[in-house]
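For reference, the structure is listed below as structure tokens.
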Amino acid sequence: MEEILTLADLKVGESGVITGVEGENALRCRLLDMGLIPKTLVTVRKVAPAGDPIELRLRGYELTIRRGDARGITVLRERV
Amino acid sequence: MILALAGNQNCGKTALFNRLTGANRRVGNFPGVTVERKTGKIRPAHIGRHENDFDVADLPGIYSIRPYSSEEIVTRDFLIKQNPDGIINIVDATNIERNLYLSLQLIELGKPMVVALNMMDEVRGNGGTIDVHALSEALGVPVVPISAAKNEGIGELVETAGETARNRVLPKKNDFCEGAVHRCIHSIAHIIEDHAQKAGVSRRFAATKLIEGDESVVSMLNLNQNELELTERDISEMERELGMDRQAALADMRYAFIESVCKKTVAKRGESREYTRSAAIDRVLTNKFLALPLFLAVMFGVFSLTFEVIGAFLSGLLAEGIAAATRAASGALTSYGVNPVARGLIIDGAFTGVGTVLSFLPIIVTLFFFLSILEDSGYMARVAFIMDAPLRKIGLSGRSFVPMLMGFGCSVPAIMATRTLPSERDRKMTVLLTPFMSCSAKIPIYAVFAAAFFDDNRGLVMFSLYLAGIIAGIICAAVLNKTKFKGKPVPFVMELPNYRPPYLKSTALLLRDKAKDFITRAFTVIFTATVIIWFLRSFDTRLNFTEIGDESILAFLGKLTAPLFAPLGFGDWRASTALITGFAAKEAVVSSLSVLTGGDLRENAAALSVIFADTGGVFAFLVFTLLYTPCVAAVAAIKRELNSARLTLAVVFGQCAVAWVAAFIAGNPTALALTAVLLCLIGAVGYIAGKKRGKCRGCPENCDTRARNDARARNDGGE
């Protein structure tokens, strides 16, 4: 069985397909609105110098979210 | 007729608005530059043969019709309550999937609507195409390709939008879903139909918002208990059927539709040039090791160019010009034999007061020039990205950084810029902290004192003062974060735009706006304040005109407050008087001291040593000046942003108190040393405590999220 990963566990350059989005209501809605919904392919583009936040690429654009918030987003790692 | 301009952040709404109206709104490359709604008339040239005239309302960018931040509420309220005749929905063609998400919700509103497909030039430049006709068919609304930056397609857009609004052409469809979501929306739309009609919103919109649990729409509908239960049953059924909760189900429905439309209509040829270029620039600018040094270098460059080279040079020129004009006017008035009181009002009140402030115009314009170039290029968004983690330690987010940075120029625009922050808490805290960033109006004060007392170490003194302001800000933030603004961390979800070359016309327009703003302020608020101060200075408590400085009302007030400052080491009434005048504008501290010591301080700085007995007192005075209440203009801005007289007063007195304590410490070597040791200790303890918390360091509030996830993971594994 595949281990359960979150977006925060992916390394720079790795991709994953979202399986679930958790978070406090307003945050979760915002994440969903930005297109972070199940079945979406997300790539971690880079990490800020302080290790946080992280920059994602999805749906053809770049989105920055915090590592803590990324922990609520579970993914299946995409093997390239 | 009113058309509303709605779209995501940073998709070019303001640029289009400027094209449509010929107005000169600020355009940036930082999500959320437009924070207020602004309306303008569409240029007659665009309307052509139609007699109707249009107003366009430029709304702040939003990602969804859901109220998170104040700018989103502005947009949402306008669309729902003001009932515009039509909507122009701007869609960034280079980021079409995410942009269409809002479009679908706008379509649900059931108002005449046109999609303006912006940045089509960039899409074409990269060899991509979008089948506009098919897209329009799929969405059921007209789609017009445009390029706001290159002024293409604007005429056609106005034509189409005008026709759509005039003939009230409604979107041809509003149903983008199938299966369980479809059934749920229809069933609920049926239940709430009458209520939606009474509330004046489309039932489709009301139904989807009800499903999403949007409180304000729910209360608008005013459903009875029975209806609420019925709708809830439908929603739960949908959730069960899809195995997804309501929010995710609707987001999924919209994105699924968008994906299928895009598959049919959008052809891209690999990554765009703009994206590839941005990624390459970012490899350097947000590099793990280079990011911070480069950022500091950029800021240092901007500040030294502004305050030492370009701005300072221009300011000097302007100051000389104003001085010459003042002398000429004074000479003319004297030779004409004008009453000395009136002459005093004109020369000492108006000319000198407003003149001093005006001479800062070049510095402010230069600073904004650089800041706007950094922002337009997209670098400021990276700064927020880089600075988020450090700022979070004091309870702020990366987005607070830009307003605070602008605070070094002038608190007024900086405070206004806080409106882009997504949370009330962040916004308030940033407003409170921005005045701690030493504004450019305080520079003349530092300069005069540095020249008088620390000739060998001018740079060091200046630097320490700026640093002291920042440290005081950090301490206050940390305290506020643990007390008044204790609360959950705010989501930081921000789009990073591609780098784009700065749009010089927009920069020029911005500078014109800022200059106009500043000049207006100089001639209104500051003029009034200087006249009041002139009055206080020129009349004694019995309202007799007095030439002798120490009999005036101002001196009376100064003497009254002087004992307050005695413990700080500057108990002379002239010092406290100067500080009182500084409330009008910080520059006034210098001009008041000049008048009270009877000479131009710039030429004769030594005159100051009459007032200050020792350097301890000088330090204390400088630190107090750095931190005490912001000037009248800034206080007015704070009042507007906080929207509370009580809080504003708290800021004014709170800052004075902080300034007093800090000045006491600064003027007293023992206290200074003790404080430094204490701060180091607190820092060390905080660091060690942070280390101990281990993995969750930096996001303690999210630990329960983590725990929940872990628990869920275990559950899933068990099944």
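How things are named: the first chain in the structure tokens is A, the next is B, and so on; residues count from 1 in each chain; ligands count from 1 in the order shown.
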
Per-residue nearest contacts of chain A to chain B (9 Å; only C-alpha atoms) as a tab-separated table:
residue	atom	partner	partner_atom	distance
A:Met1	CA	B:Gly717	CA	8.5
A:Glu3	CA	B:Ala713	CA	8.7
A:Ile4	CA	B:Ala713	CA	6.4
A:Val21	CA	B:Ala248	CA	8.3
A:Glu22	CA	B:Thr705	CA	7.8
A:Gly23	CA	B:Thr705	CA	7.0
A:Glu24	CA	B:Thr705	CA	8.7
A:Ala26	CA	B:Tyr68	CA	7.1
A:Leu27	CA	B:Pro491	CA	5.7
A:Arg28	CA	B:Gln247	CA	8.7
A:Cys29	CA	B:Gln247	CA	6.9
A:Arg30	CA	B:Val493	CA	7.6
A:Leu31	CA	B:Val493	CA	7.5
A:Leu32	CA	B:Ala251	CA	6.1
A:Asp33	CA	B:Ser64	CA	6.4
A:Met34	CA	B:Arg98	CA	6.6
A:Gly35	CA	B:Arg98	CA	6.6
A:Ile37	CA	B:Asp252	CA	6.5
A:Pro38	CA	B:Asp252	CA	7.6
A:Lys46	CA	B:Thr286	CA	8.6
A:Val47	CA	B:Lys288	CA	8.0
A:Ala48	CA	B:Ile386	CA	5.4
A:Pro49	CA	B:Lys288	CA	4.2
A:Ala50	CA	B:Ala389	CA	6.2
A:Gly51	CA	B:Ala389	CA	7.8
A:Asp52	CA	B:Ala389	CA	5.8
A:Pro53	CA	B:Phe385	CA	6.7
A:Ile54	CA	B:Phe385	CA	8.3
A:Glu55	CA	B:Leu496	CA	8.2
A:Arg59	CA	B:Glu97	CA	6.4
A:Gly60	CA	B:Asn95	CA	6.2
A:Tyr61	CA	B:Asn95	CA	6.2
A:Glu62	CA	B:Leu496	CA	5.4
A:Leu63	CA	B:Glu495	CA	4.5
A:Thr64	CA	B:Met494	CA	5.1
A:Ile65	CA	B:Val493	CA	4.8
A:Arg66	CA	B:Phe492	CA	6.3
A:Arg67	CA	B:Cys699	CA	8.3
A:Gly68	CA	B:Cys699	CA	5.8
A:Asp69	CA	B:Pro491	CA	7.4
A:Arg71	CA	B:Arg706	CA	6.5
A:Gly72	CA	B:Thr705	CA	6.4
A:Thr74	CA	B:Asn709	CA	8.4

Those in stretch 372-517 of chain B with helix (DSSP H, G or I) from DSSP, as number ranges by chain: B: 372-377, 379-392, 398-406, 411-420, 424-436, 440-453, 455-482, 504-517

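In this structure, atom CA of B:Ala332 sits 24.9 Å away from atom CA of B:Leu596.
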
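Among the candidates B:Met299, B:Leu396, B:Leu465, B:Ile580, the residue lying nearest to B:Cys656 is B:Ile580 (atoms considered: only C-alpha atoms).
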